[in-house]
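One structure is given here, and the rest of the page talks about it.
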Amino acid sequence: MAAADANNEPLLVVEDYEVGFRTERGLARAVDKVSFELDRGETLGIVGESGSGKSVLNRGIMGLVSSNRMIEDGSVLFDGGQMVNRNRQEFWGAKIGMIFQDPMTSLNPVMKIGKQIFEPLRQHLGLDKGEAETRAIELLTQVGIPEPARRIKQYPHELSGGMRQRVMIAIALAAEPEMLIADEPTTALDVTVQKYILDLLRQLQLDRGMAMTLITHDLGVARGRTDNVMVMYGGRVMEHAPTDTIFAEMRHPYTEALLASVPSLKHAKHTRLTPIPGAPPDIVNPPPGCRFSPRCKYAQPKCTEQAPELNEGEHRYACFYPVGTDASAEALEKNMAQGHTATGLKIGLAPAKAAG
Amino acid sequence: MMILLLIAVSMLTFAAMSFLGDPLFNILGPVAGDTENPENLAKIEAAKEQYYLDKPLPERYARWAGDFVTGDFGVQFSTDGQPPVSGLLKERLPRTLQLMLMAQFLALAIAIPWGVVTASRANGVVDRASTFTSFMFVSLPNFALAVILFYIFALKLDWLPDTYHATDPFWGLTHRHRLVQLVLPAFTLALPGASVYQRLLRTDLITTLQEDFILMARAKGVPKWRVLFRHALRPSMFSVITIFGINAGALIGGALVVEIYFRIPGVGTAIVEAVLREDFPVVLALVMVIATAFVVLNFIVDVFYTFLDPRVRR
């Protein structure tokens, strides 16, 4: 943990945080009783499929969900101050910066780059136009944009995707926030550009001692660039551990499945990727018991009857049959023998899979 | 393209007018029907020659077009032919342009804040009330609106003068100045226009407000009003500007009811008079003025697009 700051209180303390949306079919629980802490200077990777609630969690915390159908509950303390159910505008840009997925659509197409960077500088730091320009050029240099003085007079469409993402990072960091939310910052970018952006983010985060949540659907992105990883599924936390631990001894079958479904350089060539069977859960009517059970190869009757609680400690996970334990090995063996899991998922025909 | 359009419009009008009626009656009066009397017949022949009425249609068109492009709009088809068509235009056109400009300015001045407020609270109480109001202004015929505004602001409150006097000076802020006299008619035209612009702006703004860059602007701490006016408004103006250009052209010829009701002798009334009299050169000249206005305004709108969105620039 990177809690090297003088103040040892975590920057962000989230407890039983819930975000729901009133829909015609009922309440959609996008975030369901999520608890975690984020230390000053820590980078937390928040990983999950689409609809896992990872984005809503972050936008909810920031108070940026602009829907009157949203309801939230629980507690989010930022620097000791309660954020839930109040206007959080004072945090935007000033204390929490945010960068978005698509740099193509997230910059105002009809406003010059410079003006878009000046705004937070003038708003939060009270700089005048000349000071803001000097600072903007410094910021653009920091994020690795060549010829910054020329760039500030250009429009977003005159820059490449990677450049635009750098501009977005510069904007988010302009007012020196204590925390940065990076919502899938590289998903829309070329693979060749992704690495540079991710490494840049990590570098800036370390240099500034800023806390960061890095939201991604790709576990590989979190590898080596985060201190901790939190895996979410169906609005709930499935596993939360230091990054090295997650990769070395993952406990949750969902984490395992997630890692097996994306290519990695560590795999041998032509390794077959294993897709996760089924679809993400319906958050209006979630499956009974463990939300992952319908797609889990270890699922046992117990998994459909009650939802496993997250255990306490540094390595948290919510599973009755954690990967890498005898319990899961037995469970898998049993399922293989009968050809299906307790939820009816057919298994055994797929190429041999070792438990754990 | 635009020149081609003007030529097409002029040809159609020229042909249509030529098939209608006999201009000789306008020029000569009842004499034109009396071909028995040799004295009258001579007058008829002379008039025909003077106005080229004995020539075939293409030749007459070519002569008219040649004169038109050099600024000679010909004479009115009336017994004395006075004033010449250009004189009539010089007198009527500025009034209509003043009215149109004021109406359009008011319409935008009303529509922009109105559209922004309603879009920012879409489907709220204010928005619902405004939907009712805007549909009311659009569905209310302008002669009815003119009467209502006239009754309230001129008769009851006496804030604004009730009629227009072509001889009064323009600039000034009393009832004896035409600038003030134009306010009521301009509002009569502006309110339905503003309602339409507001509807368009509201719809486009609601779409723009869903954009990622709006969320980004909010996330970096830009205050709400600034997000609306600085970030969202400009990319949401395209529909409004397009309809604005078309509307401006239409108002030059189409402000007829308002011109008549408020006694403004402008282009609208001139057209009606000319059509009823079958005063062919006047109609033609006015049609050309309106068509040119359309073309020029839409050119300006096109230029404005590039100002609104730098991506249009090539």
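Scheme for the structure tokens: letters A, B, ... for chains in order shown; per-chain residue numbers from 1; ligand numbers from 1 in order shown.
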Write out as a Markdown table a residue-level contact list of chain B versus chain A with cut-off 6 Å: for each qualifying residue the closest pair of atoms and the distance in Å to one decimal, counting only C-alpha atoms, rows sorted by chain and residue number upward.
| residue | atom | partner | partner_atom | distance |
| --- | --- | --- | --- | --- |
| B:Asp212 | CA | A:Ser106 | CA | 4.6 |
| B:Phe213 | CA | A:Ser106 | CA | 3.9 |
| B:Ala219 | CA | A:Trp92 | CA | 5.0 |
| B:Lys220 | CA | A:Gly93 | CA | 3.9 |
| B:Gly221 | CA | A:Trp92 | CA | 4.6 |
| B:Asp309 | CA | A:Val110 | CA | 5.4 |
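Take the candidates B:Val85, B:Ala8, B:Ile260, B:Leu201 and check each one against Phe68 of chain B using only C-alpha atoms; the shortest distance goes to B:Val85.
Around Thr163 of chain B, within 8 Å and counting only C-alpha atoms, the residues found are Gln181, Phe262 and Arg263 of chain B, once anything fewer than 4 positions away on its own chain is removed.
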Selected residues written out, N, CA and C atoms, as a PDB file, in the first residue's frame:
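Result file is again33.pdb:
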ATOM      1  N   GLN B 181     -42.239  52.820 -33.234  1.00  0.00           N
ATOM      2  CA  GLN B 181     -43.473  52.410 -33.901  1.00  0.00           C
ATOM      3  C   GLN B 181     -43.377  50.994 -34.467  1.00  0.00           C
ATOM      4  N   PHE B 262     -50.666  47.208 -39.064  1.00  0.00           N
ATOM      5  CA  PHE B 262     -50.009  48.345 -38.427  1.00  0.00           C
ATOM      6  C   PHE B 262     -49.737  49.481 -39.413  1.00  0.00           C
ATOM      7  N   ARG B 263     -50.306  49.362 -40.599  1.00  0.00           N
ATOM      8  CA  ARG B 263     -50.238  50.423 -41.631  1.00  0.00           C
ATOM      9  C   ARG B 263     -48.795  50.780 -41.982  1.00  0.00           C
TER      10      ARG B 263
END
12 Å contact set for Gly254 of chain B, only C-alpha atoms, chain neighbours under 5 positions out, as a list in words: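 Non-adjacent residues within range: Thr96, Leu97, Leu99, Met100, Asn142, Leu189, Ile246, Asn247, Ala248, Gly249, Glu259, Ile260, Gly266, Val267, Gly268, Thr269, Ala270, Ile271, Val272, Leu286, Val287 and Ile290 of chain B.
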Suppose you want the space between atom CA of Gln165 of chain A and atom CA of Glu184 of chain A; what is it in Å?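 Between atom CA of Gln165 of chain A and atom CA of Glu184 of chain A the gap works out to 11.1 Å.
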Selection near Leu259 of chain A, 9 Å with only C-alpha atoms, sequence-local residues under 4 positions removed, as number ranges by chain: A: 218-220, 247, 254-255, 263-264
